[in-house]
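**Q** mmCIF, C-alpha atoms and all ligand atoms, file coords_5.cif:
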```cif
data_final
loop_
_atom_site.label_atom_id
_atom_site.label_comp_id
_atom_site.auth_asym_id
_atom_site.auth_seq_id
_atom_site.Cartn_x
_atom_site.Cartn_y
_atom_site.Cartn_z
CA MET A 1 0.00 0.00 0.00
CA ASN A 2 1.43 3.40 -0.94
CA THR A 3 0.83 6.75 0.73
CA LYS A 4 -2.04 7.68 -1.54
CA GLU A 5 -3.83 4.36 -1.05
CA PHE A 6 -3.26 4.50 2.70
CA ASN A 7 -4.70 8.01 2.92
CA HIS A 8 -7.74 6.92 0.98
CA ALA A 9 -8.23 3.85 3.18
CA LEU A 10 -7.95 5.96 6.34
CA GLU A 11 -10.37 8.57 5.06
CA THR A 12 -12.99 5.92 4.40
CA LEU A 13 -12.55 4.10 7.72
CA LYS A 14 -15.60 4.50 9.99
CA TYR A 15 -15.35 6.17 13.39
CA PRO A 16 -16.34 3.34 15.78
CA ASN A 17 -20.09 3.39 16.53
CA LEU A 18 -20.72 6.41 14.35
CA ASP A 19 -22.07 6.55 10.85
CA ARG A 20 -19.24 8.83 9.77
CA THR A 21 -15.80 8.23 8.34
CA LEU A 22 -12.53 9.61 9.66
CA GLY A 23 -12.32 11.65 6.46
CA GLU A 24 -15.75 13.21 6.96
CA LEU A 25 -14.83 14.04 10.54
CA LYS A 26 -11.51 15.51 9.36
CA LEU A 27 -9.60 13.53 11.93
CA ILE A 28 -6.62 12.60 9.76
CA SER A 29 -4.02 15.33 9.80
CA SER A 30 -1.45 13.45 7.72
CA ALA A 31 -0.45 9.90 6.82
CA LYS A 32 2.64 8.54 5.09
CA VAL A 33 3.95 5.19 3.93
CA SER A 34 7.62 4.58 3.36
CA SER A 35 9.42 1.27 2.84
CA GLY A 36 6.74 -0.84 4.48
CA SER A 37 6.30 1.40 7.54
CA ALA A 38 3.49 3.89 8.03
CA SER A 39 2.85 6.89 10.22
CA VAL A 40 -0.39 8.68 10.92
CA GLU A 41 -0.97 11.96 12.67
CA LEU A 42 -4.49 12.50 14.03
CA SER A 43 -6.08 15.90 14.38
CA THR A 44 -7.11 17.28 17.72
CA LEU A 45 -9.14 14.80 19.69
CA SER A 46 -10.00 14.28 23.32
CA ASP A 47 -7.68 11.68 24.87
CA GLU A 48 -10.44 9.09 24.94
CA SER A 49 -11.43 9.43 21.32
CA TYR A 50 -7.78 9.61 20.26
CA LEU A 51 -7.42 6.14 21.77
CA THR A 52 -10.64 4.98 20.09
CA VAL A 53 -9.46 6.10 16.66
CA LYS A 54 -5.93 4.83 17.24
CA THR A 55 -7.28 1.39 18.15
CA ALA A 56 -9.55 1.35 15.09
CA ILE A 57 -6.63 2.19 12.80
CA MET A 58 -4.38 -0.37 14.51
CA ASP A 59 -7.05 -3.04 14.12
CA ALA A 60 -7.54 -2.23 10.46
CA PHE A 61 -3.94 -1.70 9.34
CA GLY A 62 -1.70 -3.08 12.11
CA SER A 63 -0.85 -6.15 10.05
CA THR A 64 -0.46 -4.28 6.74
CA PHE A 65 2.82 -2.57 7.69
CA THR A 66 6.00 -3.66 9.42
CA ARG A 67 5.58 -0.66 11.66
CA LEU A 68 2.62 1.69 12.25
CA ASP A 69 3.09 4.85 14.33
CA ILE A 70 0.03 6.80 15.30
CA THR A 71 0.46 10.14 16.98
CA LYS A 72 -1.77 12.97 17.98
CA LYS A 73 -1.30 16.42 16.53
CA ALA A 74 -0.52 19.05 19.15
CA HIS A 75 -3.70 20.60 20.47
CA VAL A 76 -4.83 23.51 18.36
CA GLN A 77 -6.77 26.48 19.60
CA LYS A 78 -10.20 25.50 20.86
CA ASP A 79 -12.77 27.02 18.59
CA THR A 80 -16.11 26.31 17.05
CA ASN A 81 -14.63 24.72 13.96
CA TYR A 82 -15.75 21.38 12.71
CA GLY A 83 -12.68 19.20 12.60
CA ASN A 84 -9.48 21.18 12.80
CA THR A 85 -9.35 22.64 9.34
CA ALA A 86 -12.78 23.35 7.91
CA THR A 87 -14.91 26.07 9.44
CA PRO A 88 -18.53 24.97 9.57
CA ASN A 89 -20.88 26.26 6.93
CA ASN A 90 -23.33 28.80 8.14
CA ARG A 91 -26.77 27.97 6.86
CA ALA A 92 -28.34 30.33 9.37
CA PRO A 93 -26.54 33.67 9.00
CA TYR A 94 -29.69 35.38 10.33
CA ALA A 95 -29.14 33.81 13.79
CA LYS A 96 -26.60 35.50 16.06
CA ASN A 97 -26.33 32.45 18.31
CA VAL A 98 -27.19 28.78 17.91
CA ILE A 99 -27.87 26.62 20.97
CA ALA A 100 -28.08 22.85 20.45
CA VAL A 101 -29.93 20.89 23.12
CA THR A 102 -28.86 17.27 23.09
CA SER A 103 -28.48 14.10 25.11
CA GLY A 104 -27.00 10.71 24.53
CA LYS A 105 -30.33 9.01 25.22
CA GLY A 106 -33.99 9.47 24.43
CA GLY A 107 -36.73 10.47 26.80
CA VAL A 108 -34.64 12.47 29.24
CA GLY A 109 -36.47 15.74 28.61
CA LYS A 110 -34.54 17.41 25.76
CA SER A 111 -37.64 18.73 24.05
CA THR A 112 -39.15 20.00 27.30
CA VAL A 113 -35.89 21.71 28.20
CA SER A 114 -35.49 23.15 24.66
CA VAL A 115 -38.96 24.68 24.66
CA ASN A 116 -38.66 26.19 28.12
CA LEU A 117 -35.14 27.53 27.62
CA ALA A 118 -36.17 29.06 24.29
CA ILE A 119 -39.17 30.73 25.92
CA ALA A 120 -37.05 31.93 28.85
CA LEU A 121 -34.78 33.66 26.32
CA ALA A 122 -37.81 35.20 24.57
CA GLN A 123 -39.07 36.40 27.98
CA MET A 124 -35.79 38.32 28.30
CA GLY A 125 -36.67 40.18 25.11
CA TYR A 126 -34.60 38.22 22.60
CA ALA A 127 -35.83 37.15 19.16
CA VAL A 128 -35.83 33.36 19.36
CA GLY A 129 -36.42 30.57 16.85
CA LEU A 130 -36.97 26.97 17.90
CA LEU A 131 -36.07 24.28 15.39
CA ASP A 132 -37.25 20.73 15.98
CA ALA A 133 -34.38 18.67 14.57
CA ASP A 134 -35.94 15.44 15.81
CA VAL A 135 -37.44 14.55 12.45
CA TYR A 136 -38.37 11.02 13.46
CA GLY A 137 -40.02 12.00 16.76
CA PRO A 138 -41.03 15.64 16.44
CA ASN A 139 -42.59 16.81 19.72
CA ILE A 140 -42.11 20.56 19.59
CA PRO A 141 -45.54 21.37 18.06
CA ARG A 142 -47.35 19.48 20.84
CA LEU A 143 -45.22 21.10 23.56
CA THR A 144 -45.84 24.57 22.16
CA ASN A 145 -49.51 24.03 21.30
CA THR A 146 -48.90 24.50 17.58
CA ASP A 147 -49.68 20.92 16.58
CA LEU A 148 -52.80 21.76 14.64
CA GLU A 149 -51.00 24.25 12.43
CA LYS A 150 -49.78 23.47 8.97
CA ILE A 151 -47.12 25.32 7.07
CA THR A 152 -47.82 28.10 4.62
CA TRP A 153 -45.58 29.93 2.18
CA ASN A 154 -45.10 33.66 1.96
CA ASP A 155 -44.74 35.75 -1.23
CA ASP A 156 -40.97 35.15 -1.31
CA ASN A 157 -41.63 31.42 -1.42
CA LYS A 158 -40.32 30.96 2.09
CA ILE A 159 -41.98 28.73 4.66
CA VAL A 160 -43.74 30.75 7.36
CA PRO A 161 -42.84 29.34 10.77
CA SER A 162 -45.51 28.81 13.43
CA GLU A 163 -45.49 31.26 16.29
CA ASN A 164 -46.46 30.86 19.93
CA TYR A 165 -45.18 31.94 23.34
CA GLY A 166 -42.94 34.50 21.64
CA LEU A 167 -41.11 31.89 19.56
CA LYS A 168 -40.87 31.15 15.87
CA ILE A 169 -41.20 27.41 15.51
CA MET A 170 -40.39 24.95 12.76
CA SER A 171 -40.86 21.21 12.86
CA VAL A 172 -41.29 18.45 10.37
CA ALA A 173 -44.58 17.68 12.15
CA LEU A 174 -45.97 20.88 10.64
CA THR A 175 -45.43 19.41 7.20
CA THR A 176 -47.08 16.00 7.68
CA PRO A 177 -50.83 15.46 7.27
CA THR A 178 -51.33 14.48 10.92
CA SER A 179 -48.91 14.85 13.79
CA ASP A 180 -48.64 11.07 14.22
CA THR A 181 -47.75 10.37 10.57
CA PRO A 182 -44.54 8.35 10.77
CA LEU A 183 -41.64 9.41 8.60
CA VAL A 184 -39.80 6.70 6.75
CA TRP A 185 -36.91 8.76 5.50
CA ARG A 186 -33.33 7.77 5.01
CA SER A 187 -31.08 9.91 7.13
CA SER A 188 -29.85 11.77 4.04
CA VAL A 189 -33.42 12.89 3.32
CA ALA A 190 -33.92 13.90 6.94
CA VAL A 191 -30.74 15.91 6.79
CA SER A 192 -31.83 17.72 3.60
CA ALA A 193 -35.19 18.55 5.18
CA LEU A 194 -33.40 20.15 8.11
CA ILE A 195 -31.15 22.12 5.83
CA GLN A 196 -34.26 23.35 4.06
CA PHE A 197 -35.68 24.39 7.43
CA LEU A 198 -32.56 26.44 8.03
CA GLU A 199 -32.46 28.02 4.60
CA ASP A 200 -36.04 28.28 3.35
CA VAL A 201 -37.93 29.35 6.46
CA ALA A 202 -38.76 33.02 7.02
CA TRP A 203 -37.09 33.15 10.44
CA GLY A 204 -36.26 36.86 10.23
CA GLU A 205 -33.35 38.11 12.32
CA LEU A 206 -32.84 35.94 15.39
CA ASP A 207 -30.80 36.52 18.52
CA PHE A 208 -31.01 32.81 19.29
CA MET A 209 -31.82 29.71 17.34
CA VAL A 210 -32.50 26.86 19.76
CA ILE A 211 -32.29 23.38 18.26
CA ASP A 212 -34.00 20.39 19.84
CA MET A 213 -31.75 17.55 18.69
CA PRO A 214 -32.82 13.95 18.27
CA PRO A 215 -31.41 11.51 20.84
CA GLY A 216 -27.98 10.03 20.25
CA THR A 217 -24.85 10.92 18.35
CA GLY A 218 -25.75 10.20 14.74
CA ASP A 219 -25.89 11.79 11.35
CA ILE A 220 -28.22 14.64 12.22
CA GLN A 221 -26.13 15.88 15.14
CA LEU A 222 -22.96 15.77 13.08
CA THR A 223 -24.57 17.45 10.10
CA MET A 224 -25.95 20.24 12.23
CA ALA A 225 -22.48 20.81 13.66
CA GLN A 226 -21.12 20.85 10.12
CA GLU A 227 -23.74 23.18 8.68
CA LEU A 228 -24.02 25.64 11.55
CA PRO A 229 -21.58 27.39 13.84
CA ILE A 230 -23.08 26.13 17.11
CA THR A 231 -22.43 28.68 19.84
CA ALA A 232 -23.24 26.37 22.72
CA GLY A 233 -24.30 22.80 23.39
CA VAL A 234 -26.59 22.01 26.33
CA LEU A 235 -26.57 18.40 27.44
CA VAL A 236 -29.68 17.05 29.16
CA THR A 237 -29.40 13.99 31.32
CA THR A 238 -31.14 12.27 34.19
CA PRO A 239 -29.46 11.18 37.44
CA GLN A 240 -29.52 7.48 36.64
CA LEU A 241 -27.96 8.07 33.24
CA VAL A 242 -25.10 10.31 34.27
CA ALA A 243 -22.62 7.49 34.56
CA SER A 244 -23.69 5.93 31.29
CA ASP A 245 -21.69 5.51 28.13
CA ASP A 246 -24.33 7.33 26.12
CA VAL A 247 -23.81 10.56 27.98
CA SER A 248 -20.04 10.25 27.79
CA ARG A 249 -20.32 9.56 24.07
CA ALA A 250 -22.43 12.68 23.54
CA ILE A 251 -19.93 14.79 25.49
CA ARG A 252 -16.96 13.34 23.61
CA MET A 253 -18.62 13.89 20.27
CA PHE A 254 -19.13 17.57 21.05
CA GLN A 255 -15.53 17.84 22.20
CA ASP A 256 -14.36 16.18 19.01
CA ILE A 257 -16.33 18.45 16.74
CA HIS A 258 -15.34 21.46 18.84
CA VAL A 259 -18.80 22.54 19.94
CA PRO A 260 -18.41 24.55 23.16
CA MET A 261 -20.49 22.98 25.94
CA ALA A 262 -22.53 25.51 27.90
CA GLY A 263 -23.20 22.79 30.43
CA LEU A 264 -25.32 20.03 31.76
CA VAL A 265 -28.97 20.05 32.83
CA GLU A 266 -29.94 17.29 35.23
CA ASN A 267 -33.62 16.69 34.55
CA MET A 268 -35.99 14.59 36.69
CA SER A 269 -33.37 15.17 39.32
CA TYR A 270 -35.44 14.52 42.46
CA PHE A 271 -39.07 14.39 43.51
CA VAL A 272 -40.81 16.56 46.07
CA ALA A 273 -44.01 14.92 47.28
CA PRO A 274 -46.77 17.49 46.80
CA ASP A 275 -48.64 16.36 49.91
CA THR A 276 -45.78 16.18 52.42
CA GLY A 277 -43.11 18.37 50.82
CA ASN A 278 -40.59 15.55 51.42
CA ARG A 279 -37.80 15.30 48.90
CA TYR A 280 -36.91 11.92 47.42
CA ASP A 281 -33.79 11.28 45.37
CA ILE A 282 -35.47 8.57 43.36
CA PHE A 283 -32.57 8.03 40.99
CA GLY A 284 -29.80 8.76 43.48
CA SER A 285 -28.04 12.07 43.91
CA GLY A 286 -24.82 13.85 43.03
CA GLY A 287 -24.57 12.27 39.58
CA GLY A 288 -24.80 15.52 37.63
CA GLN A 289 -22.19 17.05 39.89
CA ARG A 290 -19.82 14.13 39.35
CA LEU A 291 -20.27 14.21 35.60
CA SER A 292 -19.70 17.94 35.56
CA GLU A 293 -16.45 17.47 37.48
CA ARG A 294 -15.29 14.56 35.38
CA TYR A 295 -15.69 16.39 32.07
CA ASN A 296 -15.16 19.85 33.42
CA ILE A 297 -18.49 21.19 32.16
CA PRO A 298 -20.77 23.32 34.33
CA LEU A 299 -23.92 21.95 35.95
CA LEU A 300 -26.44 24.53 34.78
CA GLY A 301 -29.33 23.31 36.88
CA GLN A 302 -31.36 20.49 38.33
CA ILE A 303 -35.04 20.21 37.48
CA PRO A 304 -37.15 17.94 39.68
CA LEU A 305 -39.52 15.27 38.47
CA ASP A 306 -42.76 17.19 38.69
CA MET A 307 -46.22 15.99 37.68
CA GLU A 308 -47.29 19.50 36.70
CA ILE A 309 -44.29 19.87 34.40
CA ARG A 310 -45.35 16.72 32.62
CA GLU A 311 -49.04 17.58 32.44
CA GLY A 312 -48.47 21.17 31.38
CA SER A 313 -45.87 20.21 28.78
CA ASP A 314 -47.95 17.47 27.25
CA ASN A 315 -50.89 19.93 26.98
CA GLY A 316 -48.81 22.54 25.22
CA GLU A 317 -48.63 24.74 28.31
CA PRO A 318 -44.94 25.27 29.03
CA PRO A 319 -44.13 25.54 32.76
CA VAL A 320 -41.90 28.57 32.17
CA VAL A 321 -45.02 30.47 31.01
CA LEU A 322 -47.92 28.86 32.83
CA GLY A 323 -46.27 27.14 35.78
CA SER A 324 -45.66 28.32 39.35
CA GLU A 325 -42.92 30.83 40.13
CA LEU A 326 -40.75 27.94 41.28
CA GLN A 327 -41.30 26.02 38.03
CA LYS A 328 -40.50 29.12 35.99
CA SER A 329 -37.32 29.65 37.96
CA TYR A 330 -35.86 26.25 37.03
CA TYR A 331 -35.60 27.26 33.40
CA GLN A 332 -34.96 30.97 33.87
CA ASP A 333 -32.06 30.23 36.23
CA ILE A 334 -30.53 27.81 33.72
CA VAL A 335 -30.62 30.50 31.04
CA LYS A 336 -28.98 33.02 33.41
CA LYS A 337 -26.26 30.53 34.27
CA MET A 338 -25.72 29.72 30.60
CA MET A 339 -25.20 33.41 29.89
CA GLU A 340 -22.49 33.49 32.56
CA VAL A 341 -20.73 30.48 31.04
CA ILE A 342 -20.89 31.39 27.35
CA GLU A 343 -20.12 34.75 25.87
CA PHE A 344 -23.06 35.02 23.49
CA ASN A 345 -23.08 37.36 20.57
CA ILE A 346 -25.83 39.78 21.69
N1 LIG A 401 -38.94 17.58 34.97
C1 LIG A 401 -39.92 16.80 34.50
N2 LIG A 401 -40.86 16.30 35.34
C2 LIG A 401 -41.84 15.47 34.88
N3 LIG A 401 -41.96 15.09 33.63
C3 LIG A 401 -41.04 15.55 32.74
C4 LIG A 401 -39.99 16.43 33.13
N4 LIG A 401 -39.25 16.71 32.02
C5 LIG A 401 -39.83 16.05 31.00
N5 LIG A 401 -40.90 15.35 31.42
C6 LIG A 401 -41.78 14.47 30.64
O1 LIG A 401 -41.00 13.37 30.20
C7 LIG A 401 -41.39 12.97 28.89
C8 LIG A 401 -40.18 13.02 27.97
O2 LIG A 401 -39.74 14.35 27.82
P1 LIG A 401 -39.23 14.93 26.43
O3 LIG A 401 -40.17 14.59 25.35
O4 LIG A 401 -38.91 16.36 26.67
O5 LIG A 401 -37.88 14.08 26.30
P2 LIG A 401 -36.89 13.95 25.06
O6 LIG A 401 -35.54 13.74 25.63
O7 LIG A 401 -37.08 15.10 24.14
O8 LIG A 401 -37.42 12.64 24.40
P3 LIG A 401 -37.10 12.06 22.92
O9 LIG A 401 -35.73 11.47 23.04
O10 LIG A 401 -38.18 11.06 22.71
O11 LIG A 401 -37.12 13.23 21.99
C9 LIG A 401 -42.50 13.91 28.49
O12 LIG A 401 -43.74 13.30 28.74
C10 LIG A 401 -42.32 15.13 29.39
O13 LIG A 401 -43.52 15.81 29.65
MG MG A 402 -37.62 15.12 22.08
#
```
Could I get this file's structure written as structure tokens?
Ligand SMILES: Nc1ncnc2c1ncn2[C@@H]1O[C@H](COP(=O)(O)OP(=O)(O)OP(=O)(O)O)[C@@H](O)[C@H]1O
Ligand SMILES: [Mg+2]
**A**
Amino acid sequence: MNTKEFNHALETLKYPNLDRTLGELKLISSAKVSSGSASVELSTLSDESYLTVKTAIMDAFGSTFTRLDITKKAHVQKDTNYGNTATPNNRAPYAKNVIAVTSGKGGVGKSTVSVNLAIALAQMGYAVGLLDADVYGPNIPRLTNTDLEKITWNDDNKIVPSENYGLKIMSVALTTPTSDTPLVWRSSVAVSALIQFLEDVAWGELDFMVIDMPPGTGDIQLTMAQELPITAGVLVTTPQLVASDDVSRAIRMFQDIHVPMAGLVENMSYFVAPDTGNRYDIFGSGGGQRLSERYNIPLLGQIPLDMEIREGSDNGEPPVVLGSELQKSYYQDIVKKMMEVIEFNI
């Protein structure tokens, strides 16, 4: 195998457990073959993913060469670039800041957190758009009471977003005949739909675009990071998940693609019995704190498991608007903390 062939083979090697190649992720800085030995230099990676990629390359090519040296390129300046060379595209130049709300797992409360954080920002007077990037399980219309709306086009042939609670809202659910119509799209189609939502929706000028990501660390998350300069990532987790691989994977992916993490929201953190006022740490306690220390990302807040949050949310009545002062404060305090952590462009 010569240098050219080796480079090609490396570029097309898959990142373990991700549907992306090392080439797409721009993780190969350089690779050379000379008289049967090879050397590879990997672009900036967290230590853990450096080892992951190194092992994958060793497994694939260890026996091809008499010697295979894999090193890590010296850490370059931390920025919002995707990979270490390409700056991300900016499909949303009308948005001053983009906040991506994610988690490694489903059902932890990403959509609920996205909606309430977006509204908390709007309550502070900012122009806010909320994009439902969960094309296979779009919940934002139900949570914002816009689920009966259907999209319309304006005179410029742009899609008019729904509006409620001070937000402009776009979701694939607004384009399907009924909100429970399942989508059977390949991920490439889903990705193009989202790009269309960024480019062909009449968002106007936005101070913040909040994106409710689908669960996991797949194609959509990576594409969004590639197509948008994400200002801050917010990771939602629950206490019993904090030690899990899924959460670590989500954090590592954001580190690898250089998305700055605003911090961690521990949702369904504890339960206060409405009748007695007793607090129960149903899923244990201190997990969010430990995770925050381990990865050096701030704990932005802890939101209890609260029946009214569930009922209100599922009825399209967001707690940050229609809840008690205490319920409002959970989300408003997270936004305040996020503003202390990240220097937003406002
Ligand atoms: N703090 C909370 N207290 C009680 N119920 C909550 C809380 N946060 C979210 N829920 C409820 O938990 C369920 C899941 O929340 P949500 O849909 O926001 O999660 P998700 O992470 O977006 O899920 P998915 O991965 O399916 O997109 C919803 O019924 C929601 O109302
Ligand atoms: Mg969701």
**Q** Dump the neighbourhood of ligand MG 402 (chain A) as an MDAnalysis selection string: all residues within 12 Å, distances computed on only C-alpha atoms and all ligand atoms.
**A** chainID A and resid 101:115 131:143 171 211:216 236 313:314
**Q** Can you pull out every residue within 9 Å of A:Leu18, counting only C-alpha atoms, but drop anything in the same chain fewer than 2 positions away, and send it as an MDAnalysis selection string?
**A** chainID A and resid 14:16 20:21 217:219
**Q** So which one's closest to ligand LIG 401 (chain A), A:Ile257, A:Ile70, A:Val53, A:Leu305? Using all atoms listed in the file, please.
**A**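 Ranked by minimum distance to ligand LIG 401 (chain A), first place goes to A:Leu305.
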**Q** If you measure from atom O1 of ligand LIG 401 (chain A) to atom CA of A:Val98, what distance in Å do you get, rounded to one decimal?
**A**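 Between atom O1 of ligand LIG 401 (chain A) and atom CA of A:Val98 the gap works out to 24.1 Å.
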**Q** I need the residue nearest A:Tyr126 from this list: A:Leu183, A:Val265, A:Ile346, A:Met307. Use all atoms listed in the file for the distance.
**A** A:Ile346
**Q** Restricting the calculation to only C-alpha atoms and all ligand atoms, which member of A:Ala273, A:Met268, A:Leu206, A:Leu326 is positioned closest to ligand LIG 401 (chain A)?
**A**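 For ligand LIG 401 (chain A), the nearest of the candidates is A:Met268.
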**Q** Go ahead and compute the interatomic distance for atom CA of A:Leu117 and atom CA of A:Gly287, in Å to one decimal.
**A**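 Distance between the two atoms: 22.1 Å.
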**Q** Could you please determine the separation between atom CA of A:Lys73 and atom CA of A:Ser29 in Å, to one decimal place?
**A**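 So the two atoms, atom CA of A:Lys73 and atom CA of A:Ser29, lie 7.3 Å apart.
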**Q** Can you pull out every residue within 12 Å of A:Val128, counting all atoms listed in the file, but drop anything in the same chain fewer than 4 positions away, and send it as a PyMOL selection string?
**A** chain A and resi 94-99+114-124+161+163-170+203-211
**Q** Write to file, as a PDB file, keeping the file's coordinate frame, the residues of the selection just made, with C-alpha atoms.
**A**
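Final output, saved to part_23.pdb:
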```
ATOM      1  CA  TYR A  94     -29.690  35.380  10.330  1.00  0.00           C
ATOM      2  CA  ALA A  95     -29.140  33.810  13.790  1.00  0.00           C
ATOM      3  CA  LYS A  96     -26.600  35.500  16.060  1.00  0.00           C
ATOM      4  CA  ASN A  97     -26.330  32.450  18.310  1.00  0.00           C
ATOM      5  CA  VAL A  98     -27.190  28.780  17.910  1.00  0.00           C
ATOM      6  CA  ILE A  99     -27.870  26.620  20.970  1.00  0.00           C
ATOM      7  CA  SER A 114     -35.490  23.150  24.660  1.00  0.00           C
ATOM      8  CA  VAL A 115     -38.960  24.680  24.660  1.00  0.00           C
ATOM      9  CA  ASN A 116     -38.660  26.190  28.120  1.00  0.00           C
ATOM     10  CA  LEU A 117     -35.140  27.530  27.620  1.00  0.00           C
ATOM     11  CA  ALA A 118     -36.170  29.060  24.290  1.00  0.00           C
ATOM     12  CA  ILE A 119     -39.170  30.730  25.920  1.00  0.00           C
ATOM     13  CA  ALA A 120     -37.050  31.930  28.850  1.00  0.00           C
ATOM     14  CA  LEU A 121     -34.780  33.660  26.320  1.00  0.00           C
ATOM     15  CA  ALA A 122     -37.810  35.200  24.570  1.00  0.00           C
ATOM     16  CA  GLN A 123     -39.070  36.400  27.980  1.00  0.00           C
ATOM     17  CA  MET A 124     -35.790  38.320  28.300  1.00  0.00           C
ATOM     18  CA  PRO A 161     -42.840  29.340  10.770  1.00  0.00           C
ATOM     19  CA  GLU A 163     -45.490  31.260  16.290  1.00  0.00           C
ATOM     20  CA  ASN A 164     -46.460  30.860  19.930  1.00  0.00           C
ATOM     21  CA  TYR A 165     -45.180  31.940  23.340  1.00  0.00           C
ATOM     22  CA  GLY A 166     -42.940  34.500  21.640  1.00  0.00           C
ATOM     23  CA  LEU A 167     -41.110  31.890  19.560  1.00  0.00           C
ATOM     24  CA  LYS A 168     -40.870  31.150  15.870  1.00  0.00           C
ATOM     25  CA  ILE A 169     -41.200  27.410  15.510  1.00  0.00           C
ATOM     26  CA  MET A 170     -40.390  24.950  12.760  1.00  0.00           C
ATOM     27  CA  TRP A 203     -37.090  33.150  10.440  1.00  0.00           C
ATOM     28  CA  GLY A 204     -36.260  36.860  10.230  1.00  0.00           C
ATOM     29  CA  GLU A 205     -33.350  38.110  12.320  1.00  0.00           C
ATOM     30  CA  LEU A 206     -32.840  35.940  15.390  1.00  0.00           C
ATOM     31  CA  ASP A 207     -30.800  36.520  18.520  1.00  0.00           C
ATOM     32  CA  PHE A 208     -31.010  32.810  19.290  1.00  0.00           C
ATOM     33  CA  MET A 209     -31.820  29.710  17.340  1.00  0.00           C
ATOM     34  CA  VAL A 210     -32.500  26.860  19.760  1.00  0.00           C
ATOM     35  CA  ILE A 211     -32.290  23.380  18.260  1.00  0.00           C
TER      36      ILE A 211
END
```
**Q** Taking all atoms listed in the file into account, name the residue in A:Val341, A:Leu235, A:Leu322, A:Leu42 that is nearest to ligand LIG 401 (chain A).
**A** A:Leu235
**Q** Point out the residue among A:Leu68, A:Leu291, A:Val320, A:Ile159 with the least atom-to-atom distance to ligand LIG 401 (chain A), counting only C-alpha atoms and all ligand atoms.
**A** A:Val320
**Q** Hey, which of A:Pro239, A:Gly36, A:Gly284, A:Gly263 ends up closest to ligand LIG 401 (chain A)? Count all atoms listed in the file.
**A** A:Pro239
